[in-house]
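Pasted below: input_0.txt, compact mmCIF, C-alpha atoms.
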```txt
# COMPACT_ATOMS: atom_id res chain seq x y z
CA MET A 851 13.00 16.51 -15.47
CA ILE A 852 9.64 16.81 -17.16
CA VAL A 853 6.44 15.17 -15.99
CA LYS A 854 3.77 13.95 -18.40
CA GLN A 855 0.28 12.94 -17.36
CA ALA A 856 -0.86 9.98 -19.44
CA LYS A 857 -4.53 9.95 -20.39
CA SER A 858 -4.66 6.29 -21.40
CA VAL A 859 -2.45 3.20 -21.57
CA GLU A 860 -1.96 3.87 -25.27
CA ASP A 861 -0.87 7.42 -24.50
CA ALA A 862 1.53 6.22 -21.78
CA LEU A 863 3.10 3.62 -24.11
CA GLU A 864 3.50 6.25 -26.82
CA LEU A 865 5.28 8.57 -24.37
CA LEU A 866 7.43 5.69 -23.13
CA SER A 867 8.61 4.84 -26.65
CA HIS A 868 9.14 8.50 -27.54
CA TYR A 869 11.47 9.58 -24.73
CA ASP A 870 14.73 8.17 -23.37
CA ASN A 871 15.32 7.69 -19.65
CA CYS A 872 11.66 7.52 -18.63
CA LYS A 873 10.18 6.30 -15.41
CA ILE A 874 6.56 5.46 -14.70
CA ILE A 875 5.01 6.95 -11.59
CA ALA A 876 1.70 5.74 -10.11
CA GLY A 877 1.33 6.01 -6.31
CA GLY A 878 4.79 7.54 -6.01
CA THR A 879 5.37 6.09 -2.53
CA ASP A 880 8.62 4.42 -3.63
CA ILE A 881 9.84 6.39 -6.62
CA ILE A 882 9.59 9.87 -5.09
CA ILE A 883 11.83 8.68 -2.24
CA GLN A 884 14.26 7.14 -4.76
CA MET A 885 14.34 10.43 -6.68
CA ASN A 886 14.97 12.41 -3.48
CA GLU A 887 17.91 10.14 -2.75
CA LYS A 888 19.06 10.51 -6.37
CA LYS A 889 18.96 6.73 -6.77
CA VAL A 890 16.84 7.22 -9.87
CA GLN A 891 17.10 10.36 -11.98
CA PRO A 892 14.69 10.10 -14.89
CA LYS A 893 14.53 12.77 -17.56
CA VAL A 894 10.84 12.11 -18.06
CA LEU A 895 8.33 10.96 -15.50
CA ILE A 896 5.12 9.49 -16.91
CA ASP A 897 2.22 9.66 -14.49
CA ILE A 898 -0.33 6.85 -14.83
CA SER A 899 -2.15 7.53 -11.54
CA LYS A 900 -5.15 9.08 -13.29
CA VAL A 901 -5.51 6.54 -16.12
CA GLU A 902 -9.03 5.20 -15.51
CA GLU A 903 -8.54 1.85 -17.29
CA LEU A 904 -5.69 1.02 -14.86
CA LYS A 905 -7.83 1.76 -11.80
CA LYS A 906 -10.51 -0.89 -12.29
CA ILE A 907 -11.12 -4.15 -10.49
CA GLU A 908 -13.12 -6.38 -12.82
CA GLU A 909 -14.72 -9.81 -12.65
CA ASP A 910 -14.55 -11.52 -16.00
CA GLY A 911 -16.17 -14.95 -15.87
CA ASP A 912 -13.87 -17.18 -13.81
CA PHE A 913 -11.20 -14.49 -13.60
CA ILE A 914 -10.54 -11.38 -11.56
CA LYS A 915 -8.50 -8.60 -13.10
CA ILE A 916 -6.92 -5.84 -11.00
CA GLY A 917 -5.62 -2.76 -12.81
CA SER A 918 -2.03 -1.93 -11.90
CA ALA A 919 -2.89 1.52 -10.52
CA VAL A 920 -5.48 0.10 -8.10
CA THR A 921 -4.52 1.20 -4.58
CA TYR A 922 -4.49 -0.87 -1.41
CA THR A 923 -7.45 1.17 -0.19
CA ASP A 924 -9.36 0.26 -3.37
CA ILE A 925 -8.77 -3.45 -2.61
CA ILE A 926 -9.77 -3.07 1.03
CA GLU A 927 -13.02 -1.32 0.05
CA SER A 928 -13.87 -3.65 -2.83
CA SER A 929 -16.72 -6.11 -2.38
CA ILE A 930 -14.92 -8.60 -4.65
CA PHE A 931 -12.36 -9.63 -2.04
CA GLU A 932 -14.74 -11.06 0.55
CA GLY A 933 -15.17 -14.59 1.88
CA ASN A 934 -12.50 -16.95 0.59
CA LEU A 935 -10.49 -14.03 -0.82
CA SER A 936 -10.49 -11.92 2.35
CA GLY A 937 -6.85 -12.94 2.96
CA PHE A 938 -5.93 -10.54 0.17
CA LYS A 939 -7.70 -7.71 1.95
CA LYS A 940 -5.88 -8.59 5.14
CA ALA A 941 -2.53 -8.36 3.35
CA CYS A 942 -3.47 -4.95 1.92
CA ARG A 943 -4.73 -3.67 5.28
CA LEU A 944 -1.36 -4.47 6.83
CA VAL A 945 0.56 -2.37 4.29
CA GLY A 946 2.11 0.90 5.49
CA SER A 947 -0.32 3.45 6.91
CA PRO A 948 -3.61 5.01 5.72
CA GLN A 949 -1.58 7.59 3.76
CA ILE A 950 0.49 4.90 2.02
CA ARG A 951 -2.51 2.63 1.35
CA ASN A 952 -4.37 5.54 -0.27
CA ARG A 953 -1.57 6.07 -2.80
CA GLY A 954 0.46 2.85 -3.07
CA THR A 955 -0.59 0.54 -5.88
CA ILE A 956 -0.66 -3.18 -6.54
CA GLY A 957 1.40 -2.70 -9.70
CA GLY A 958 4.02 -0.70 -7.85
CA ASN A 959 4.38 -3.40 -5.24
CA ILE A 960 5.32 -5.83 -8.03
CA VAL A 961 7.57 -3.70 -10.24
CA ASN A 962 9.54 -2.35 -7.29
CA ALA A 963 10.14 -5.98 -6.36
CA SER A 964 10.84 -5.50 -2.67
CA PRO A 965 11.56 -8.78 -0.85
CA ALA A 966 9.00 -7.58 1.69
CA ALA A 967 6.24 -6.63 -0.78
CA ASP A 968 3.14 -7.51 1.25
CA SER A 969 0.68 -7.95 -1.60
CA VAL A 970 2.93 -10.29 -3.58
CA PRO A 971 2.73 -13.58 -1.58
CA PRO A 972 -1.10 -13.63 -1.84
CA LEU A 973 -0.86 -13.02 -5.60
CA ILE A 974 1.65 -15.88 -5.93
CA ALA A 975 -0.61 -18.14 -3.84
CA LEU A 976 -3.48 -17.25 -6.18
CA GLY A 977 -1.37 -18.21 -9.19
CA ALA A 978 -1.80 -14.68 -10.53
CA ALA A 979 -0.26 -13.43 -13.76
CA ALA A 980 1.08 -9.94 -14.47
CA ILE A 981 0.11 -8.41 -17.81
CA LEU A 982 2.96 -6.39 -19.33
CA GLU A 983 2.26 -4.21 -22.34
CA SER A 984 4.56 -2.47 -24.74
CA LYS A 985 3.70 -0.57 -27.90
CA ASN A 986 3.69 -3.69 -30.08
CA ASN A 987 3.26 -6.52 -27.64
CA VAL A 988 1.35 -7.88 -24.66
CA ARG A 989 2.79 -10.64 -22.51
CA GLU A 990 1.60 -12.46 -19.43
CA VAL A 991 4.06 -13.59 -16.78
CA LYS A 992 3.23 -15.52 -13.64
CA VAL A 993 3.93 -13.27 -10.64
CA GLU A 994 5.91 -16.19 -9.20
CA ASP A 995 8.24 -16.29 -12.25
CA TYR A 996 8.48 -12.50 -12.34
CA PHE A 997 10.35 -12.68 -9.03
CA SER A 998 12.18 -16.01 -9.34
CA HIS A 999 13.47 -15.35 -12.89
CA SER A 1000 13.45 -11.58 -13.00
CA GLU A 1001 16.23 -11.31 -15.62
CA THR A 1002 14.11 -13.29 -18.05
CA PHE A 1003 10.61 -12.24 -17.06
CA GLY A 1004 10.98 -8.90 -15.28
CA ILE A 1005 9.63 -5.67 -16.71
CA ARG A 1006 11.53 -4.02 -19.59
CA GLU A 1007 12.08 -0.29 -19.79
CA TYR A 1008 9.61 0.09 -22.69
CA GLU A 1009 6.83 -1.86 -20.91
CA ILE A 1010 4.04 -0.97 -18.51
CA LEU A 1011 2.50 -3.40 -16.05
CA THR A 1012 -1.18 -2.87 -16.81
CA ALA A 1013 -2.99 -5.50 -14.74
CA ILE A 1014 -2.86 -8.57 -12.54
CA ARG A 1015 -5.15 -11.45 -13.40
CA PHE A 1016 -6.04 -14.65 -11.59
CA ARG A 1017 -8.63 -17.41 -11.69
CA LYS A 1018 -11.16 -17.27 -8.85
CA PRO A 1019 -10.02 -19.96 -6.44
CA LYS A 1020 -12.20 -22.69 -4.91
CA GLY A 1021 -10.06 -22.82 -1.78
CA VAL A 1022 -9.51 -20.28 0.98
CA LEU A 1023 -6.77 -17.65 0.74
CA THR A 1024 -5.17 -16.62 4.03
CA PHE A 1025 -2.34 -14.28 4.99
CA ALA A 1026 -0.21 -13.64 8.05
CA LYS A 1027 2.79 -11.44 8.64
CA LEU A 1028 5.27 -10.47 11.28
CA GLY A 1029 6.34 -6.84 11.46
CA LEU A 1030 8.58 -5.07 13.93
CA ARG A 1031 6.05 -2.36 14.64
CA LYS A 1032 2.51 -2.46 13.44
CA ALA A 1033 2.21 0.52 11.13
CA LEU A 1034 4.65 1.15 8.31
CA ALA A 1035 6.52 -1.99 9.24
CA ILE A 1036 8.53 -3.47 6.46
CA SER A 1037 7.40 -7.04 6.71
CA ARG A 1038 9.96 -9.42 8.14
CA ILE A 1039 8.15 -12.64 7.36
CA SER A 1040 4.87 -13.16 5.60
CA ILE A 1041 2.99 -16.23 4.44
CA ALA A 1042 0.03 -16.52 2.10
CA ALA A 1043 -1.73 -19.85 1.72
CA LEU A 1044 -4.42 -21.02 -0.68
CA VAL A 1045 -5.87 -24.27 0.65
CA GLU A 1046 -8.76 -26.41 -0.53
CA LEU A 1047 -10.05 -29.20 1.71
CA ASP A 1048 -12.12 -32.17 0.58
CA LYS A 1049 -15.09 -33.65 2.47
CA ASP A 1050 -12.74 -35.78 4.60
CA ASN A 1051 -10.81 -32.63 5.68
CA LYS A 1052 -7.88 -33.65 3.51
CA VAL A 1053 -5.86 -31.08 1.58
CA SER A 1054 -6.95 -31.46 -2.05
CA PHE A 1055 -5.16 -28.36 -3.30
CA VAL A 1056 -2.52 -26.13 -1.77
CA ARG A 1057 -0.34 -23.26 -2.92
CA ILE A 1058 1.83 -21.40 -0.39
CA ALA A 1059 4.03 -18.35 -0.90
CA SER A 1060 6.34 -16.56 1.49
CA GLY A 1061 7.75 -13.05 1.76
CA SER A 1062 11.10 -12.17 3.37
CA ILE A 1063 12.17 -15.80 3.75
CA GLY A 1064 14.55 -15.45 0.85
CA ARG A 1065 15.78 -12.90 -1.61
CA TYR A 1066 12.33 -12.46 -3.15
CA PRO A 1067 8.74 -13.60 -2.50
CA MET A 1068 8.51 -17.25 -3.53
CA ARG A 1069 6.52 -20.48 -3.67
CA GLU A 1070 7.17 -22.93 -0.85
CA HIS A 1071 7.06 -26.17 -2.85
CA GLU A 1072 8.34 -28.51 -0.13
CA LEU A 1073 5.66 -27.28 2.23
CA GLU A 1074 2.99 -27.76 -0.43
CA GLU A 1075 4.18 -31.32 -1.16
CA PHE A 1076 4.10 -32.13 2.54
CA LEU A 1077 0.55 -30.85 3.00
CA GLN A 1078 -0.96 -32.28 -0.19
CA GLY A 1079 -3.40 -35.10 0.67
CA LYS A 1080 -2.88 -34.82 4.45
CA VAL A 1081 -5.72 -34.56 6.96
CA PHE A 1082 -5.67 -30.87 7.87
CA ASP A 1083 -5.42 -30.96 11.67
CA ASP A 1084 -3.25 -29.40 14.41
CA ALA A 1085 -0.69 -32.20 14.28
CA VAL A 1086 -0.16 -31.69 10.54
CA ILE A 1087 0.16 -27.93 10.99
CA ASP A 1088 2.82 -28.52 13.69
CA GLU A 1089 4.68 -30.81 11.30
CA ALA A 1090 4.34 -28.24 8.52
CA VAL A 1091 6.18 -25.69 10.69
CA LYS A 1092 9.09 -28.15 11.00
CA VAL A 1093 9.12 -28.69 7.22
CA LEU A 1094 9.34 -24.95 6.58
CA GLN A 1095 12.02 -24.50 9.25
CA GLY A 1096 14.01 -27.25 7.51
CA VAL A 1097 13.71 -25.34 4.22
CA MET A 1098 14.86 -22.13 5.94
CA ASP A 1099 17.89 -23.90 7.53
CA VAL A 1100 19.17 -24.56 4.03
CA ARG A 1101 18.04 -21.36 2.31
CA LEU A 1102 19.15 -18.96 5.04
CA ALA A 1103 22.23 -20.93 6.17
CA ASN A 1104 24.91 -18.57 7.59
CA ARG A 1105 22.50 -15.63 7.74
CA SER A 1106 22.47 -13.81 11.06
CA SER A 1107 18.67 -13.54 10.84
CA LEU A 1108 18.13 -17.33 10.68
CA PRO A 1109 17.79 -18.14 14.41
CA TYR A 1110 15.23 -15.35 14.78
CA LYS A 1111 13.32 -16.09 11.61
CA ARG A 1112 13.06 -19.85 12.17
CA ARG A 1113 11.41 -19.22 15.55
CA ALA A 1114 9.22 -16.39 14.32
CA VAL A 1115 7.95 -18.35 11.33
CA GLU A 1116 6.15 -20.78 13.61
CA ALA A 1117 3.54 -18.24 14.69
CA VAL A 1118 3.20 -16.78 11.20
CA LEU A 1119 2.62 -20.14 9.49
CA LYS A 1120 0.26 -21.30 12.24
CA GLU A 1121 -1.78 -18.12 11.86
CA ALA A 1122 -1.93 -18.44 8.06
CA LEU A 1123 -2.89 -22.13 8.10
CA GLY A 1124 -5.17 -21.72 11.12
CA GLU A 1125 -7.30 -19.18 9.28
CA VAL A 1126 -8.11 -21.73 6.58
CA ARG A 1127 -10.31 -23.50 9.12
CA LYS A 1128 -12.19 -20.40 10.26
CA MET B 1469 7.35 24.79 -16.29
CA ILE B 1470 3.87 23.33 -16.48
CA ASN B 1471 0.38 24.56 -15.77
CA ILE B 1472 -1.77 22.83 -13.22
CA LYS B 1473 -5.15 23.50 -11.68
CA LEU B 1474 -5.73 22.86 -8.01
CA ASN B 1475 -8.60 23.51 -5.68
CA VAL B 1476 -7.12 24.21 -2.26
CA ASN B 1477 -9.35 24.82 0.76
CA GLY B 1478 -12.28 25.55 -1.53
CA LYS B 1479 -10.50 28.04 -3.78
CA ASP B 1480 -9.45 27.38 -7.40
CA TYR B 1481 -5.87 28.07 -8.42
CA SER B 1482 -4.24 27.94 -11.84
CA LEU B 1483 -0.50 27.73 -11.36
CA GLU B 1484 2.62 27.60 -13.43
CA ILE B 1485 5.05 25.37 -11.57
CA GLU B 1486 8.40 23.66 -11.98
CA GLU B 1487 7.69 20.07 -12.91
CA ASP B 1488 9.92 18.47 -10.33
CA LYS B 1489 7.96 19.99 -7.45
CA ARG B 1490 6.04 17.79 -5.11
CA LEU B 1491 2.59 18.70 -3.86
CA ILE B 1492 4.07 19.83 -0.51
CA ASP B 1493 6.42 22.24 -2.33
CA VAL B 1494 3.58 23.89 -4.23
CA LEU B 1495 1.39 24.12 -1.12
CA ARG B 1496 4.14 25.66 0.99
CA GLU B 1497 6.20 27.69 -1.46
CA ASP B 1498 3.77 28.75 -4.18
CA LEU B 1499 0.57 29.00 -2.15
CA ARG B 1500 2.05 29.63 1.31
CA PHE B 1501 -0.01 27.05 3.14
CA THR B 1502 2.78 26.57 5.64
CA GLY B 1503 0.60 24.57 8.02
CA VAL B 1504 1.74 21.67 5.84
CA LYS B 1505 5.00 20.56 7.50
CA GLU B 1506 7.89 18.65 6.04
CA GLY B 1507 9.38 16.08 8.38
CA CYS B 1508 10.97 12.93 7.05
CA SER B 1509 10.30 13.38 3.30
CA GLU B 1510 9.70 9.64 2.95
CA GLY B 1511 6.17 8.91 4.07
CA GLU B 1512 7.01 7.78 7.61
CA CYS B 1513 6.10 10.77 9.77
CA GLY B 1514 2.86 12.15 8.28
CA ALA B 1515 3.63 15.80 9.16
CA CYS B 1516 2.85 16.75 5.53
CA SER B 1517 -0.56 14.99 5.51
CA VAL B 1518 -3.31 16.69 3.54
CA ILE B 1519 -6.69 15.48 2.30
CA MET B 1520 -6.61 14.96 -1.47
CA ASP B 1521 -9.94 14.13 -3.15
CA GLY B 1522 -11.31 12.96 0.19
CA ARG B 1523 -8.34 10.78 1.13
CA ILE B 1524 -5.47 11.40 3.51
CA VAL B 1525 -2.13 11.41 1.66
CA ASN B 1526 1.47 12.37 2.36
CA SER B 1527 1.97 15.51 0.27
CA CYS B 1528 5.71 14.76 0.14
CA LEU B 1529 4.93 11.59 -1.83
CA VAL B 1530 2.70 13.15 -4.49
CA MET B 1531 4.19 15.00 -7.46
CA ALA B 1532 2.40 18.33 -7.90
CA VAL B 1533 1.52 17.40 -11.48
CA GLN B 1534 -0.25 14.29 -10.16
CA ALA B 1535 -2.57 16.52 -8.16
CA ASN B 1536 -3.65 18.42 -11.29
CA GLY B 1537 -7.44 18.69 -11.15
CA SER B 1538 -7.64 17.52 -7.53
CA SER B 1539 -9.17 19.11 -4.44
CA ILE B 1540 -6.85 19.55 -1.50
CA VAL B 1541 -7.65 20.43 2.09
CA THR B 1542 -4.89 21.61 4.41
CA VAL B 1543 -5.17 22.52 8.08
CA GLU B 1544 -5.76 26.15 7.02
CA GLY B 1545 -8.97 25.02 5.34
CA LEU B 1546 -10.63 23.61 8.44
CA VAL B 1547 -11.80 26.83 10.06
CA LYS B 1548 -15.38 27.58 8.95
CA ASP B 1549 -16.82 31.08 9.49
CA GLY B 1550 -14.22 31.80 12.14
CA GLU B 1551 -15.06 28.60 14.04
CA LEU B 1552 -12.41 25.97 14.66
CA ASP B 1553 -13.05 22.49 13.32
CA PRO B 1554 -14.18 20.11 16.11
CA VAL B 1555 -10.87 18.25 15.74
CA GLN B 1556 -8.88 21.45 16.28
CA ARG B 1557 -11.04 22.39 19.26
CA ALA B 1558 -10.60 18.95 20.82
CA PHE B 1559 -6.80 19.01 20.32
CA ILE B 1560 -6.66 22.27 22.25
CA GLU B 1561 -9.04 21.22 24.98
CA LYS B 1562 -7.41 17.84 25.55
CA GLY B 1563 -3.87 19.24 25.44
CA ALA B 1564 -3.01 16.94 22.54
CA THR B 1565 -0.10 19.01 21.36
CA GLN B 1566 3.32 19.89 22.69
CA CYS B 1567 5.85 21.29 20.23
CA GLY B 1568 3.11 21.29 17.60
CA TYR B 1569 5.13 20.32 14.55
CA CYS B 1570 3.25 17.06 13.98
CA THR B 1571 -0.11 18.56 14.91
CA PRO B 1572 -1.42 19.69 11.49
CA GLY B 1573 -0.70 16.23 10.09
CA PHE B 1574 -2.47 14.53 13.00
CA ILE B 1575 -5.43 16.87 12.70
CA MET B 1576 -5.78 16.17 8.97
CA ALA B 1577 -5.48 12.38 9.52
CA ALA B 1578 -8.13 12.62 12.24
CA ARG B 1579 -10.37 14.77 10.04
CA ALA B 1580 -10.15 12.30 7.11
CA PHE B 1581 -10.87 9.44 9.50
CA LEU B 1582 -13.85 11.09 11.21
CA ASN B 1583 -15.37 11.96 7.83
CA ARG B 1584 -16.03 8.23 7.39
CA ALA B 1585 -16.00 6.87 10.95
CA LYS B 1586 -18.93 5.42 12.82
CA ASP B 1587 -18.62 4.89 16.59
CA PRO B 1588 -14.84 4.55 16.36
CA THR B 1589 -12.97 2.49 18.94
CA ARG B 1590 -9.64 3.62 20.37
CA GLU B 1591 -8.02 0.84 18.37
CA GLU B 1592 -9.52 2.19 15.14
CA ILE B 1593 -8.38 5.71 16.02
CA ARG B 1594 -4.85 4.43 16.64
CA GLU B 1595 -4.91 2.70 13.26
CA ALA B 1596 -6.13 5.92 11.62
CA ILE B 1597 -3.16 7.89 12.97
CA SER B 1598 -0.64 5.08 12.43
CA GLY B 1599 0.96 7.04 9.61
CA ASN B 1600 1.72 10.00 11.88
CA LEU B 1601 4.56 10.29 14.35
CA CYS B 1602 4.73 12.47 17.46
CA ARG B 1603 8.13 12.61 19.16
CA CYS B 1604 7.20 14.85 22.10
CA THR B 1605 4.57 13.46 24.28
CA GLY B 1606 2.97 10.29 23.01
CA TYR B 1607 -0.36 9.39 21.64
CA ASN B 1608 -2.87 8.98 24.46
CA LYS B 1609 -3.97 12.61 24.49
CA ILE B 1610 -4.17 12.65 20.72
CA VAL B 1611 -6.45 9.61 20.80
CA ASP B 1612 -8.47 11.26 23.61
CA ALA B 1613 -8.84 14.37 21.45
CA ILE B 1614 -10.08 12.43 18.42
CA GLU B 1615 -12.63 10.61 20.59
CA GLU B 1616 -13.70 13.99 21.95
CA ALA B 1617 -13.98 15.47 18.45
CA TYR B 1618 -16.26 12.62 17.44
CA ARG B 1619 -18.46 13.38 20.46
CA TYR B 1620 -18.60 17.09 19.58
CA GLU B 1621 -19.74 16.26 16.08
CA LYS B 1622 -22.39 13.81 17.22
CA GLY B 1623 -23.50 16.19 19.99
CA ILE B 1624 -22.85 13.54 22.65
```

Could you show the structure in this file as structure tokens?
Amino acid sequence: MIVKQAKSVEDALELLSHYDNCKIIAGGTDIIIQMNEKKVQPKVLIDISKVEELKKIEEDGDFIKIGSAVTYTDIIESSIFEGNLSGFKKACRLVGSPQIRNRGTIGGNIVNASPAADSVPPLIALGAAAILESKNNVREVKVEDYFSHSETFGIREYEILTAIRFRKPKGVLTFAKLGLRKALAISRISIAALVELDKDNKVSFVRIASGSIGRYPMREHELEEFLQGKVFDDAVIDEAVKVLQGVMDVRLANRSSLPYKRRAVEAVLKEALGEVRK
Amino acid sequence: MINIKLNVNGKDYSLEIEEDKRLIDVLREDLRFTGVKEGCSEGECGACSVIMDGRIVNSCLVMAVQANGSSIVTVEGLVKDGELDPVQRAFIEKGATQCGYCTPGFIMAARAFLNRAKDPTREEIREAISGNLCRCTGYNKIVDAIEEAYRYEKGI
């Protein structure tokens, strides 16, 4: 194996098109383990962890753009994710350990497509898009579609995920997760909610995404439809738990984890929705 | 083979290494900083923790080439003018070590944390060492030691 350090995105794309059997490495927290286990055996490893243009968090008018090599620690320390976006920081703070958060990247969390990827549900709730570049093309895919239709929209071997982009929301983004142990826990269930309330405390906009309640992180449309227009009080949140449990009964039917998950989801959803009101 | 430049414990090195080496391999095998321990090899145990450009990282999860141009501090780099680092001193005085295999990793995680910490709570200290595992004796004395190290540094 040879390892090449890319100096720019252009450089990385050139290397990617030049060699066969390449893999991109950024934080390395997943791929180095996969290489140790011989699950991936690239001939060429292209390092993008020191490409400055991929390490920026930028505000561009109504949009926020996060470079794919931005680490969880970068997000946690950024002043951009305060106030109504602090739910994203919370999700990043709950990833792994200090060592993992210092290396692991937002882009890696998407392209490795773990069902338990902690930063993905908040990005889906934000309606974020992933920007995928190849030598001759740039395409934008909604993070939601990236996971739900990965054969169609997933990353190709000649592409690099360069950034995540989303419109600054008016509502409040929240996040809650259940892990078996606090640090380094692979998330069992996570929920991210983006909720906007009108002056009568009614839900005027809602987008909810879950992690580990299915084969990949996904939108919870039935839950959104139930909440839309409702007065956002304790009774509605209790009802919302039942709606999501109903969805899980169908989606996770015959899974041994269902009885546990349908009980555990109650606290997770209540925490996520409860934080909207704080 | 590839050439990389590293600054380790304040000293510059120019090395020719095999490209599939991880940072831990270069630190242990090429430079003989064997205070860096390999435990799980998958980022769970933290025994291989070193400070890279001011941040605590698992050196088993960094390719050596990725560290090209970086500054690394290992446990060997903490002694200044023959004096132990306050974290090392506190680990000894509080008995925060048993078999000792995890100790360098804990000390580096504590060092990285205390470099930025302000009046840390026990909860914050526990969070700071949440990427490190000790299988001998538990964590209370380790947390005690980190609290003590903070007091040494502040002179309180």

Using 8 Å of padding on each side, determine the axis-aligned box around all atoms of stretch 1071-1083 of chain A present in the file and give its centre and edge lengths in Å to one decimal, as AutoDock Vina command-line options.
```
--center_x 1.3 --center_y -30.6 --center_z 4.4 --size_x 30.1 --size_y 24.9 --size_z 30.5
```

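Residue-level contact on chain B: within 6 Å of chain A, counting all atoms listed in the file, the set is Glu1487, Glu1510, Ile1524, Val1525, Asn1526, Leu1529, Ser1598 and Gly1599 of chain B.
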
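What separates atom CA of A:Phe1055 from atom CA of A:Phe1003 is a distance of 26.4 Å.
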
**Study point:** Distance query 8 Å from (-5.4, 23.2, -10.8) using only C-alpha atoms, result as a VMD selection string
**Key:** chain B and resid 1471 to 1475 1480 to 1483 1535 to 1538

So that I can see what lies close to A:Tyr1066, please list as a PDB file with C-alpha atoms, keeping the file's coordinate frame the residues with an atom at most 12 Å from it, counting only C-alpha atoms and leaving out residues fewer than 2 positions away in the same chain.
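And here's result35.pdb as it stands now:
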```
ATOM      1  CA  ILE A 960       5.320  -5.830  -8.030  1.00  0.00           C
ATOM      2  CA  ASN A 962       9.540  -2.350  -7.290  1.00  0.00           C
ATOM      3  CA  ALA A 963      10.140  -5.980  -6.360  1.00  0.00           C
ATOM      4  CA  SER A 964      10.840  -5.500  -2.670  1.00  0.00           C
ATOM      5  CA  PRO A 965      11.560  -8.780  -0.850  1.00  0.00           C
ATOM      6  CA  ALA A 966       9.000  -7.580   1.690  1.00  0.00           C
ATOM      7  CA  ALA A 967       6.240  -6.630  -0.780  1.00  0.00           C
ATOM      8  CA  ASP A 968       3.140  -7.510   1.250  1.00  0.00           C
ATOM      9  CA  VAL A 970       2.930 -10.290  -3.580  1.00  0.00           C
ATOM     10  CA  PRO A 971       2.730 -13.580  -1.580  1.00  0.00           C
ATOM     11  CA  ILE A 974       1.650 -15.880  -5.930  1.00  0.00           C
ATOM     12  CA  VAL A 993       3.930 -13.270 -10.640  1.00  0.00           C
ATOM     13  CA  GLU A 994       5.910 -16.190  -9.200  1.00  0.00           C
ATOM     14  CA  ASP A 995       8.240 -16.290 -12.250  1.00  0.00           C
ATOM     15  CA  TYR A 996       8.480 -12.500 -12.340  1.00  0.00           C
ATOM     16  CA  PHE A 997      10.350 -12.680  -9.030  1.00  0.00           C
ATOM     17  CA  SER A 998      12.180 -16.010  -9.340  1.00  0.00           C
ATOM     18  CA  HIS A 999      13.470 -15.350 -12.890  1.00  0.00           C
ATOM     19  CA  SER A1000      13.450 -11.580 -13.000  1.00  0.00           C
ATOM     20  CA  ARG A1038       9.960  -9.420   8.140  1.00  0.00           C
ATOM     21  CA  ILE A1039       8.150 -12.640   7.360  1.00  0.00           C
ATOM     22  CA  SER A1040       4.870 -13.160   5.600  1.00  0.00           C
ATOM     23  CA  ALA A1059       4.030 -18.350  -0.900  1.00  0.00           C
ATOM     24  CA  SER A1060       6.340 -16.560   1.490  1.00  0.00           C
ATOM     25  CA  GLY A1061       7.750 -13.050   1.760  1.00  0.00           C
ATOM     26  CA  SER A1062      11.100 -12.170   3.370  1.00  0.00           C
ATOM     27  CA  ILE A1063      12.170 -15.800   3.750  1.00  0.00           C
ATOM     28  CA  GLY A1064      14.550 -15.450   0.850  1.00  0.00           C
ATOM     29  CA  MET A1068       8.510 -17.250  -3.530  1.00  0.00           C
ATOM     30  CA  ARG A1069       6.520 -20.480  -3.670  1.00  0.00           C
ATOM     31  CA  GLU A1070       7.170 -22.930  -0.850  1.00  0.00           C
ATOM     32  CA  ARG A1101      18.040 -21.360   2.310  1.00  0.00           C
TER      33      ARG A1101
END
```

Revision key, fill the gap. Between B:Cys1528, B:Ile1624, B:Cys1604, B:Ile1519, smallest distance to B:Phe1581 by only C-alpha atoms belongs to B:Ile1519

Exercise for review: Identify the residues within 12 Å of coordinate (-2.7, -20.8, 2.4) (same frame as the file), considering only C-alpha atoms, and give the answer as number ranges by chain.
Suggested key: A: 934-938, 971-977, 1019, 1021-1026, 1040-1047, 1053, 1055-1060, 1069-1070, 1073-1074, 1077-1078, 1082, 1087, 1090, 1118-1127

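Here atom CA of B:Cys1508 is placed at a distance of 21.6 Å from atom CA of B:Arg1579.
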
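Coordinates place atom CA of B:Tyr1569 at a distance of 18.7 Å from atom CA of B:Asp1612.
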
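Using only C-alpha atoms for every distance, the candidate list B:Pro1554, B:Thr1565, B:Phe1559, B:Glu1592 yields B:Pro1554 as the residue closest to B:Glu1621.
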